[in-house]
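Below is structure.txt, which holds compact mmCIF, C-alpha atoms.
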# COMPACT_ATOMS: atom_id res chain seq x y z
CA MET H 1 -23.82 23.95 20.50
CA THR H 2 -23.09 20.42 19.36
CA ALA H 3 -21.02 21.67 16.46
CA LYS H 4 -18.92 23.66 18.91
CA LYS H 5 -18.52 20.62 21.13
CA SER H 6 -17.41 18.34 18.31
CA LEU H 7 -14.99 21.04 17.20
CA VAL H 8 -13.46 21.04 20.68
CA ILE H 9 -13.20 17.25 20.66
CA SER H 10 -11.57 17.19 17.26
CA LEU H 11 -9.14 19.87 18.45
CA TYR H 12 -8.19 17.64 21.37
CA PHE H 13 -7.57 14.79 18.95
CA THR H 14 -5.44 16.94 16.69
CA LEU H 15 -3.44 18.15 19.67
CA ALA H 16 -2.91 14.62 20.95
CA PHE H 17 -1.81 13.43 17.52
CA ALA H 18 0.51 16.39 17.12
CA ILE H 19 2.20 15.79 20.48
CA PHE H 20 2.83 12.03 20.12
CA PRO H 21 5.39 12.35 17.31
CA LEU H 22 7.28 14.96 19.34
CA PHE H 23 7.89 12.34 22.00
CA THR H 24 9.10 9.84 19.43
CA VAL H 25 11.58 12.29 18.04
CA ALA H 26 12.74 13.42 21.47
CA GLN H 27 13.23 9.87 22.62
CA GLU H 28 15.14 8.69 19.54
CA HIS H 29 17.24 11.78 19.91
CA GLU H 30 18.24 11.12 23.51
CA GLU H 31 18.81 7.47 22.87
CA GLN H 32 21.32 8.15 20.15
CA HIS H 33 23.08 10.82 22.14
CA SER H 34 24.08 8.52 24.98
CA ALA H 35 25.34 5.74 22.69
CA PRO H 36 28.52 7.29 21.25
CA GLN H 37 29.56 8.68 24.64
CA GLU H 38 29.49 5.36 26.48
CA ALA H 39 31.05 3.22 23.81
CA GLU H 40 33.67 5.06 21.80
CA GLU H 41 32.91 3.15 18.64
CA LYS H 42 31.74 4.44 15.30
CA PHE H 43 27.99 5.04 15.02
CA ASN H 44 26.40 2.30 12.91
CA ALA H 45 23.19 3.65 11.33
CA THR H 46 22.10 0.32 9.79
CA GLU H 47 22.41 -1.47 13.11
CA MET H 48 20.44 1.27 14.92
CA ILE H 49 17.64 1.21 12.32
CA MET H 50 17.41 -2.58 12.24
CA HIS H 51 17.27 -2.66 16.04
CA HIS H 52 14.36 -0.22 15.99
CA ILE H 53 12.25 -1.84 13.29
CA GLY H 54 12.98 -5.45 14.29
CA ASP H 55 11.22 -7.71 16.74
CA SER H 56 12.84 -8.60 20.07
CA HIS H 57 12.50 -10.68 23.21
CA GLY H 58 11.88 -8.04 25.84
CA TRP H 59 10.36 -4.60 25.37
CA HIS H 60 13.19 -2.09 25.43
CA PHE H 61 12.25 1.52 26.26
CA PHE H 62 15.46 3.48 26.77
CA GLY H 63 18.98 3.30 28.14
CA GLU H 64 21.96 1.11 27.34
CA GLY H 65 23.15 -2.19 28.78
CA ASP H 66 22.36 -2.88 32.44
CA SER H 67 20.98 0.60 33.11
CA SER H 68 18.31 0.30 30.39
CA VAL H 69 14.61 0.15 31.13
CA THR H 70 13.21 -3.03 29.58
CA LEU H 71 9.95 -4.86 30.13
CA PRO H 72 10.86 -8.56 30.33
CA LEU H 73 8.66 -10.85 28.23
CA PRO H 74 8.30 -14.62 28.44
CA VAL H 75 10.47 -16.76 26.18
CA ILE H 76 8.64 -19.96 25.22
CA LEU H 77 10.61 -22.60 23.33
CA TYR H 78 9.60 -25.97 21.97
CA THR H 79 12.61 -28.28 22.12
CA GLU H 80 12.92 -32.03 21.68
CA ASN H 81 12.51 -32.30 25.47
CA GLY H 82 9.19 -30.43 25.47
CA LEU H 83 8.25 -26.86 26.25
CA VAL H 84 10.72 -24.61 28.09
CA SER H 85 9.94 -21.11 29.28
CA PHE H 86 11.74 -18.36 31.15
CA MET H 87 11.72 -14.56 31.24
CA SER H 88 13.78 -12.67 28.67
CA SER H 89 15.43 -10.70 31.51
CA GLU H 90 17.55 -13.80 32.25
CA PHE H 91 19.66 -12.90 29.22
CA HIS H 92 20.60 -9.58 30.89
CA HIS H 93 20.17 -7.56 27.66
CA ASP H 94 22.74 -9.72 25.90
CA THR H 95 22.13 -10.35 22.20
CA GLU H 96 25.64 -11.43 21.25
CA GLY H 97 25.42 -14.95 22.69
CA HIS H 98 27.73 -14.32 25.67
CA HIS H 99 25.21 -14.89 28.44
CA VAL H 100 24.13 -18.53 28.71
CA VAL H 101 20.80 -19.35 30.36
CA GLU H 102 20.51 -22.85 31.79
CA LYS H 103 17.03 -24.36 32.07
CA ASP H 104 15.91 -27.98 32.45
CA GLY H 105 19.43 -29.20 31.69
CA MET H 106 19.58 -27.26 28.41
CA ARG H 107 21.60 -24.14 27.63
CA PHE H 108 20.24 -21.22 25.61
CA VAL H 109 21.80 -18.07 24.17
CA ASN H 110 20.26 -15.01 22.54
CA LEU H 111 22.03 -14.31 19.26
CA HIS H 112 20.70 -11.15 17.58
CA GLU H 113 17.22 -11.88 18.95
CA ASP H 114 17.25 -15.48 17.73
CA ILE H 115 17.27 -17.99 20.57
CA TYR H 116 19.76 -20.82 20.03
CA LYS H 117 20.01 -24.03 22.02
CA LEU H 118 23.57 -25.15 22.66
CA ASP H 119 24.40 -28.78 21.85
CA SER H 120 24.80 -30.97 24.93
CA GLY H 121 28.20 -30.55 26.56
CA ALA H 122 28.86 -27.14 24.96
CA GLU H 123 29.68 -24.36 27.42
CA ALA H 124 29.65 -21.35 25.09
CA VAL H 125 28.60 -20.65 21.53
CA GLU H 126 31.30 -20.96 18.87
CA PHE H 127 31.24 -19.40 15.42
CA ASP H 128 32.60 -20.32 12.03
CA ALA H 129 34.22 -17.86 9.62
CA ASP H 130 30.84 -16.44 8.47
CA HIS H 131 29.76 -15.80 12.08
CA HIS H 132 27.26 -18.67 12.02
CA PRO H 133 27.09 -20.70 15.25
CA VAL H 134 28.51 -24.20 14.81
CA ASN H 135 27.54 -25.89 18.08
CA ALA H 136 23.97 -24.62 18.50
CA SER H 137 20.59 -25.10 16.84
CA LYS H 138 17.35 -23.12 16.78
CA PRO H 139 14.41 -24.62 18.69
CA TRP H 140 10.81 -23.71 17.77
CA ASP H 141 10.39 -20.21 19.17
CA LEU H 142 6.83 -19.55 20.40
CA SER H 143 7.81 -16.61 22.60
CA ILE H 144 5.63 -13.66 23.49
CA THR H 145 7.92 -11.19 21.74
CA LYS H 146 7.58 -7.42 21.64
CA ASN H 147 5.38 -7.60 18.54
CA VAL H 148 3.12 -10.26 20.03
CA ALA H 149 2.78 -8.25 23.24
CA ALA H 150 1.90 -5.15 21.20
CA MET H 151 -0.72 -7.12 19.28
CA PHE H 152 -2.25 -8.33 22.55
CA LEU H 153 -2.41 -4.71 23.65
CA THR H 154 -4.26 -3.76 20.44
CA VAL H 155 -6.66 -6.66 20.90
CA ILE H 156 -7.41 -5.60 24.49
CA LEU H 157 -7.99 -2.01 23.37
CA MET H 158 -10.32 -3.14 20.60
CA LEU H 159 -12.26 -5.38 22.99
CA ILE H 160 -12.71 -2.48 25.43
CA PHE H 161 -13.72 0.03 22.74
CA PHE H 162 -16.13 -2.12 20.80
CA THR H 163 -17.80 -4.05 23.60
CA SER H 164 -18.75 -0.70 25.12
CA LEU H 165 -20.08 0.50 21.75
CA ALA H 166 -22.02 -2.74 21.27
CA ARG H 167 -23.41 -2.55 24.81
CA HIS H 168 -24.73 0.94 24.08
CA HIS H 169 -26.58 -0.23 21.00
CA LYS H 170 -28.10 -3.18 22.85
CA LYS H 171 -29.77 -0.81 25.32
CA HIS H 172 -30.52 2.34 23.32
CA LYS H 173 -31.83 3.32 19.92
CA HIS H 174 -30.12 6.72 19.71
CA ALA H 175 -26.53 7.42 18.71
CA PRO H 176 -23.88 7.15 21.45
CA LYS H 177 -22.02 10.12 22.91
CA GLY H 178 -18.33 11.00 23.20
CA PHE H 179 -15.65 8.54 22.19
CA ASN H 180 -18.18 5.88 21.17
CA ASN H 181 -19.64 8.36 18.70
CA ALA H 182 -16.22 8.86 17.13
CA LEU H 183 -15.87 5.07 16.80
CA GLU H 184 -19.34 4.78 15.31
CA THR H 185 -18.40 7.32 12.64
CA LEU H 186 -15.53 5.06 11.58
CA VAL H 187 -17.70 1.93 11.69
CA LEU H 188 -20.21 3.67 9.42
CA PHE H 189 -17.35 4.80 7.18
CA VAL H 190 -16.26 1.18 6.73
CA ARG H 191 -19.87 0.16 6.01
CA ASP H 192 -20.93 2.97 3.66
CA ASP H 193 -17.68 3.74 1.85
CA ILE H 194 -15.96 0.36 1.78
CA ALA H 195 -18.30 -2.61 2.16
CA LEU H 196 -21.50 -1.37 0.49
CA PRO H 197 -20.08 -0.08 -2.80
CA GLN H 198 -17.60 -2.95 -3.25
CA ILE H 199 -19.60 -5.99 -2.14
CA GLY H 200 -23.18 -4.86 -2.79
CA GLU H 201 -26.30 -4.47 -0.73
CA LYS H 202 -27.26 -8.14 -0.63
CA LYS H 203 -24.12 -9.70 0.79
CA TYR H 204 -22.12 -7.01 2.55
CA MET H 205 -23.44 -7.81 6.05
CA LYS H 206 -21.75 -11.21 6.04
CA PHE H 207 -18.31 -9.62 5.55
CA MET H 208 -18.66 -6.61 7.85
CA PRO H 209 -17.14 -8.37 10.92
CA PHE H 210 -14.04 -9.32 8.94
CA LEU H 211 -13.63 -5.91 7.31
CA LEU H 212 -14.18 -4.00 10.57
CA THR H 213 -11.72 -6.20 12.45
CA VAL H 214 -9.05 -5.86 9.77
CA PHE H 215 -9.56 -2.10 9.45
CA PHE H 216 -9.38 -1.34 13.16
CA PHE H 217 -6.60 -3.83 13.87
CA ILE H 218 -4.36 -2.32 11.19
CA TRP H 219 -5.23 1.25 12.03
CA ILE H 220 -4.73 0.91 15.80
CA THR H 221 -1.47 -1.06 15.46
CA ASN H 222 -0.20 1.49 12.92
CA LEU H 223 -0.94 4.35 15.32
CA MET H 224 0.56 2.49 18.27
CA GLY H 225 3.68 1.86 16.19
CA LEU H 226 4.20 5.62 16.07
CA LEU H 227 4.23 5.92 19.86
CA PRO H 228 7.63 6.28 21.54
CA GLY H 229 9.20 2.92 22.36
CA ALA H 230 6.44 1.01 20.61
CA ALA H 231 6.76 -2.10 18.47
CA ASN H 232 6.75 -2.06 14.67
CA VAL H 233 3.96 -4.64 14.31
CA THR H 234 2.48 -3.93 10.86
CA GLY H 235 6.04 -3.38 9.59
CA ASN H 236 6.76 -7.04 10.31
CA ILE H 237 6.37 -9.28 7.28
CA ALA H 238 5.04 -12.21 9.35
CA VAL H 239 2.12 -10.12 10.61
CA THR H 240 1.16 -8.87 7.17
CA VAL H 241 1.48 -12.39 5.74
CA SER H 242 -1.14 -13.58 8.24
CA LEU H 243 -3.43 -10.67 7.37
CA GLY H 244 -3.01 -11.46 3.66
CA LEU H 245 -3.78 -15.15 4.32
CA PHE H 246 -7.05 -14.18 6.02
CA THR H 247 -8.09 -12.21 2.93
CA LEU H 248 -7.06 -15.15 0.72
CA ALA H 249 -9.17 -17.50 2.83
CA MET H 250 -12.15 -15.14 2.64
CA ILE H 251 -11.90 -15.05 -1.17
CA VAL H 252 -11.32 -18.78 -1.65
CA PHE H 253 -14.03 -19.99 0.74
CA ASN H 254 -16.65 -17.46 -0.35
CA GLY H 255 -16.02 -17.56 -4.11
CA ASN H 256 -19.16 -18.70 -5.92
CA LYS H 257 -19.48 -20.87 -9.02
CA ASP H 258 -19.34 -17.87 -11.34
CA TYR H 259 -16.12 -16.66 -9.77
CA TRP H 260 -14.31 -19.97 -10.29
CA LYS H 261 -15.71 -20.25 -13.81
CA HIS H 262 -14.48 -16.75 -14.65
CA THR H 263 -11.11 -17.56 -13.13
CA PHE H 264 -10.35 -20.88 -14.80
CA TRP H 265 -12.63 -21.03 -17.88
CA MET H 266 -13.54 -17.49 -18.84
CA PRO H 267 -16.69 -17.46 -20.96
CA GLY H 268 -17.02 -15.38 -24.11
CA ILE H 269 -13.44 -15.59 -25.40
CA PRO H 270 -11.81 -17.88 -28.02
CA THR H 271 -11.07 -21.36 -26.63
CA PHE H 272 -7.33 -21.26 -27.29
CA VAL H 273 -6.98 -18.16 -25.07
CA LYS H 274 -8.82 -19.82 -22.17
CA PRO H 275 -5.89 -21.91 -20.81
CA ILE H 276 -3.55 -18.90 -20.99
CA LEU H 277 -6.02 -16.75 -19.11
CA ALA H 278 -6.58 -19.58 -16.60
CA ILE H 279 -2.87 -19.53 -15.72
CA VAL H 280 -2.82 -15.76 -15.38
CA GLU H 281 -5.99 -15.63 -13.31
CA GLY H 282 -4.89 -18.62 -11.23
CA LEU H 283 -1.67 -16.85 -10.31
CA GLY H 284 -3.73 -13.72 -9.66
CA ILE H 285 -5.49 -15.47 -6.77
CA PHE H 286 -2.17 -15.54 -4.90
CA ILE H 287 -0.71 -12.31 -6.20
CA LYS H 288 -3.61 -10.26 -4.82
CA PRO H 289 -2.97 -11.08 -1.13
CA ILE H 290 0.80 -10.96 -1.69
CA ALA H 291 0.47 -7.41 -3.03
CA LEU H 292 -1.67 -6.49 -0.01
CA MET H 293 0.93 -7.92 2.33
CA ILE H 294 3.95 -6.23 0.68
CA ARG H 295 2.15 -2.87 0.45
CA LEU H 296 1.36 -2.70 4.16
CA PHE H 297 4.76 -4.03 5.24
CA ALA H 298 6.78 -1.77 2.95
CA ASN H 299 4.77 1.38 3.66
CA ILE H 300 5.07 1.11 7.42
CA THR H 301 8.69 -0.06 7.41
CA ALA H 302 9.72 2.64 4.92
CA GLY H 303 8.13 5.32 7.13
CA HIS H 304 10.02 4.11 10.19
CA ILE H 305 13.31 3.86 8.27
CA ILE H 306 12.97 7.41 6.91
CA ILE H 307 12.38 8.89 10.38
CA LEU H 308 15.26 6.92 11.90
CA SER H 309 17.57 7.82 9.00
CA LEU H 310 16.84 11.52 9.40
CA ILE H 311 17.68 11.34 13.10
CA GLY H 312 20.67 9.11 12.36
CA LEU H 313 22.01 11.76 9.96
CA ILE H 314 23.00 13.91 12.96
CA PHE H 315 25.26 11.16 14.26
CA ILE H 316 26.61 10.07 10.90
CA LEU H 317 27.78 13.62 10.15
CA GLU H 318 28.66 14.21 13.85
CA ASN H 319 27.30 17.74 13.73
CA ALA H 320 24.62 19.03 16.12
CA GLY H 321 23.67 21.74 13.62
CA ILE H 322 22.17 19.10 11.34
CA ALA H 323 19.53 18.56 14.04
CA GLY H 324 18.04 21.94 13.15
CA VAL H 325 17.12 20.56 9.74
CA SER H 326 16.59 16.87 10.36
CA VAL H 327 14.44 17.04 13.52
CA PRO H 328 11.76 19.30 11.97
CA PHE H 329 11.85 17.18 8.84
CA ALA H 330 11.48 14.00 10.93
CA LEU H 331 8.53 15.64 12.68
CA PHE H 332 6.97 16.40 9.30
CA ILE H 333 7.42 12.78 8.20
CA THR H 334 5.95 11.56 11.50
CA VAL H 335 2.83 13.66 10.95
CA LEU H 336 2.67 12.30 7.41
CA GLU H 337 2.87 8.81 8.92
CA LEU H 338 -0.38 9.51 10.78
CA LEU H 339 -2.05 9.91 7.39
CA VAL H 340 -0.28 6.81 6.05
CA ALA H 341 -1.41 4.81 9.11
CA PHE H 342 -5.04 5.54 8.24
CA LEU H 343 -4.58 5.29 4.48
CA GLN H 344 -2.96 1.85 4.66
CA ALA H 345 -5.72 0.51 6.91
CA PHE H 346 -8.24 1.95 4.45
CA ILE H 347 -6.48 0.54 1.37
CA PHE H 348 -6.08 -2.92 2.88
CA THR H 349 -9.75 -3.07 3.86
CA MET H 350 -10.91 -1.51 0.59
CA LEU H 351 -8.94 -3.94 -1.60
CA SER H 352 -10.02 -6.91 0.55
CA ALA H 353 -13.63 -5.80 0.09
CA LEU H 354 -13.04 -5.35 -3.65
CA PHE H 355 -11.60 -8.86 -4.04
CA ILE H 356 -14.36 -10.39 -1.92
CA GLY H 357 -16.92 -8.45 -3.95
CA MET H 358 -15.45 -9.91 -7.16
CA ALA H 359 -15.66 -13.40 -5.68
CA VAL H 360 -19.31 -13.22 -4.58
CA GLU H 361 -20.63 -11.15 -7.50
CA GLU H 362 -23.69 -12.57 -9.25
CA HIS H 363 -23.17 -12.49 -13.00
CA GLU H 364 -25.99 -12.12 -15.47
CA HIS H 365 -26.28 -15.25 -17.53
CA HIS H 366 -26.51 -14.77 -21.24
CA MET E 1 33.87 -1.94 -5.07
CA GLU E 2 32.99 -2.84 -1.49
CA TYR E 3 29.83 -0.72 -1.55
CA LEU E 4 28.84 -1.46 -5.14
CA HIS E 5 25.83 -3.55 -4.12
CA ILE E 6 24.50 -0.71 -1.97
CA GLY E 7 24.88 1.75 -4.84
CA LEU E 8 23.10 -0.58 -7.24
CA ALA E 9 20.31 -1.21 -4.73
CA ALA E 10 19.84 2.53 -4.23
CA LEU E 11 19.73 3.01 -8.02
CA GLY E 12 17.08 0.29 -8.24
CA ALA E 13 14.97 1.92 -5.53
CA GLY E 14 15.32 5.25 -7.34
CA LEU E 15 14.12 3.77 -10.64
CA ALA E 16 11.13 2.19 -8.87
CA VAL E 17 10.26 5.57 -7.36
CA VAL E 18 10.50 7.32 -10.76
CA GLY E 19 8.06 4.81 -12.23
CA ALA E 20 5.64 5.17 -9.34
CA ALA E 21 5.88 8.96 -9.48
CA ILE E 22 4.90 8.98 -13.17
CA GLY E 23 2.04 6.56 -12.49
CA VAL E 24 0.61 8.30 -9.45
CA GLY E 25 1.06 11.69 -11.13
CA LYS E 26 -0.98 10.58 -14.15
CA ILE E 27 -3.69 9.10 -11.95
CA GLY E 28 -3.90 12.23 -9.81
CA GLY E 29 -3.93 14.52 -12.86
CA SER E 30 -6.68 12.56 -14.57
CA ALA E 31 -8.72 12.48 -11.37
CA MET E 32 -8.40 16.27 -11.11
CA ASP E 33 -9.65 16.60 -14.70
CA ALA E 34 -12.54 14.28 -13.99
CA ILE E 35 -13.53 16.10 -10.80
CA ALA E 36 -13.36 19.46 -12.59
CA ARG E 37 -15.74 18.15 -15.26
CA GLN E 38 -18.10 16.46 -12.82
CA PRO E 39 -17.73 17.87 -9.33
CA GLU E 40 -20.77 15.91 -8.09
CA ALA E 41 -18.92 12.63 -8.72
CA ALA E 42 -15.89 13.71 -6.64
CA GLY E 43 -16.41 11.03 -3.96
CA LYS E 44 -16.55 8.13 -6.41
CA ILE E 45 -13.59 9.45 -8.41
CA GLN E 46 -11.54 9.85 -5.25
CA THR E 47 -12.16 6.24 -4.20
CA ALA E 48 -11.22 4.93 -7.64
CA MET E 49 -8.17 7.19 -7.68
CA ILE E 50 -6.92 5.93 -4.31
CA ILE E 51 -7.36 2.29 -5.38
CA ALA E 52 -5.47 2.84 -8.64
CA ALA E 53 -2.73 4.81 -6.87
CA ALA E 54 -2.37 2.04 -4.29
CA LEU E 55 -1.92 -0.55 -7.03
CA VAL E 56 0.82 1.52 -8.69
CA GLU E 57 2.44 2.19 -5.35
CA GLY E 58 2.35 -1.52 -4.53
CA VAL E 59 4.44 -2.34 -7.59
CA ALA E 60 6.93 0.41 -6.68
CA LEU E 61 7.19 -0.98 -3.17
CA PHE E 62 8.10 -4.38 -4.60
CA GLY E 63 11.10 -2.61 -6.11
CA VAL E 64 11.92 -0.83 -2.88
CA VAL E 65 11.74 -4.07 -0.86
CA ALA E 66 14.02 -5.80 -3.37
CA ALA E 67 16.45 -2.87 -3.08
CA LEU E 68 16.29 -3.05 0.71
CA LEU E 69 17.13 -6.75 0.61
CA GLY E 70 20.06 -5.85 -1.63
CA VAL E 71 21.36 -3.33 0.89
CA LEU E 72 20.97 -5.67 3.85
CA THR E 73 22.61 -8.64 2.18
CA VAL E 74 26.26 -8.29 3.08
CA PRO E 75 28.33 -10.33 0.63
CA ALA E 76 30.43 -12.94 2.38
Represent the structure of the file as structure tokens.
Amino acid sequence: MTAKKSLVISLYFTLAFAIFPLFTVAQEHEEQHSAPQEAEEKFNATEMIMHHIGDSHGWHFFGEGDSSVTLPLPVILYTENGLVSFMSSEFHHDTEGHHVVEKDGMRFVNLHEDIYKLDSGAEAVEFDADHHPVNASKPWDLSITKNVAAMFLTVILMLIFFTSLARHHKKHKHAPKGFNNALETLVLFVRDDIALPQIGEKKYMKFMPFLLTVFFFIWITNLMGLLPGAANVTGNIAVTVSLGLFTLAMIVFNGNKDYWKHTFWMPGIPTFVKPILAIVEGLGIFIKPIALMIRLFANITAGHIIILSLIGLIFILENAGIAGVSVPFALFITVLELLVAFLQAFIFTMLSALFIGMAVEEHEHH
Amino acid sequence: MEYLHIGLAALGAGLAVVGAAIGVGKIGGSAMDAIARQPEAAGKIQTAMIIAAALVEGVALFGVVAALLGVLTVPA
């Protein structure tokens, strides 16, 4: 009976996962269709792809110009006159620097999703030959952008999921039912297949909160990135840099005496090799998190670019017949991305656990 | 000559992919051999295989990112 029930639940999951990518494809498809009709200019694939994988002020869903559906997000700027904030809708979907927003006696323009502050007295932004603005400067931009909003959404989802799972275990001894059971399976997967073998029985409990948070944050943001109109959070280098820095901090602050000795003065090798190895191992401390960060960023971004390129092919070749080939292929890649979303979360957590395990390992003294 | 940098970047990405394909292929092949010899160790071999494949893939992605930067950098 229970086996049948879990089969039904897993079928629901499969169905849900199979339908999501369809929406993505359908939406990208429509979006591109309307563009060439309204503006009779040549379709620019690079611009379309960069717009889709980049961050932005304001959460754009569909449509063009004033008729588009966009969720306005707060723009928060730190200028020499203190903090300034206004909603991104005040730019009226302008990213070319035409629409000037005046606030607290200062003028701001949105130039390709970078907010510039015009110098005092300037009425409009002026460019030099290389299309760099000459009479404007960038203030510190602390805005809640699309990516930040998407991360908040992930955090809220995680809080809801895991507080309910934790509450269950506070009250009961038995395993939870339904969705909580599915979550518990993944929690146990992280414990038994990632933390325990890599870090060891004695110390793994200390690192479980970090590993679980990283795993579920990456996995949920990856999946949300595949939803139609969603933000490309883990495909943003700034996000993956922060994740890599957390792993670096975990390694550096938890490394024991043996770890540092093995890094900078490796025992059991000829003395003249020791300084050479110290340089290599010292660089290795930084290369490990950098590799983690590039891997996640490049995997997710590459997936998005491939899907967008396949759809863009229809409009580059200006032939609707291409859609018969490229849409099914884009669907295939989107389904593959579901696997990549999980695999990248797994790899990031697994390698973090491996590096932490190396740092806290107790060596036998000879 | 206007699109030379894009062509070179694409060539670079292609070379990176060839290298990664050889690497991941060897890892996968060896893992298959190992699992065939010792099916009871399949779980452990799989984990080690995925880690090694991820390391190879990481290096290839460095190449792809460099190529991407090449494509996106429009010469002035």
>> For Ile6 of chain E, find every residue with an atom within 9 Å (counting all atoms listed in the file), except residues of its own chain fewer than 2 positions away, and show them as number ranges by chain.
In response: E: 2-4, 8-11, 67-68, 70-72
Between chain H and chain E, at 7 Å or less, what are the per-residue closest atom pairs and their distances in Å? Count all atoms listed in the file, order by chain and rising residue number, and return it as a Markdown table.
| residue | atom | partner | partner_atom | distance |
| --- | --- | --- | --- | --- |
| H:Ala291 | CA | E:Gly58 | CA | 6.4 |
| H:Ile294 | CA | E:Phe62 | CA | 7.0 |
| H:Arg295 | CA | E:Gly58 | CA | 5.2 |
| H:Ala298 | CA | E:Leu61 | CA | 6.2 |
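Distance-wise, atom CA of Pro270 of chain H and atom CA of Gly282 of chain H end up 18.2 Å apart.
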Neighbours of Ala150 of chain H within 8 Å (only C-alpha atoms; same-chain residues fewer than 4 positions away dropped), as a PDB file with C-alpha atoms, in the frame of the given file?
ATOM      1  CA  LYS H 146       7.580  -7.420  21.640  1.00  0.00           C
ATOM      2  CA  THR H 154      -4.260  -3.760  20.440  1.00  0.00           C
ATOM      3  CA  THR H 221      -1.470  -1.060  15.460  1.00  0.00           C
ATOM      4  CA  ALA H 230       6.440   1.010  20.610  1.00  0.00           C
ATOM      5  CA  ALA H 231       6.760  -2.100  18.470  1.00  0.00           C
ATOM      6  CA  VAL H 233       3.960  -4.640  14.310  1.00  0.00           C
TER       7      VAL H 233
END
> atom CA of His93 of chain H and atom CA of Leu73 of chain H are how many Å apart?
Replying inline: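 Here the two named atoms are 12.0 Å from each other.
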> Mind pulling up the distance from atom CA of Ile237 of chain H to atom CA of Phe286 of chain H?
Replying inline: 16.1 Å
>> Could you list, as a ChimeraX atom specification, every residue within 9 Å of segment 126-135 of chain H, counting only C-alpha atoms and ignoring same-chain residues fewer than 3 positions away?
In response: /H:116-120,122 /E:76
> Closest to Lys257 of chain H among H:Ala166, H:Met48, H:Ala359, H:Val101, using only C-alpha atoms?
Replying inline: H:Ala359
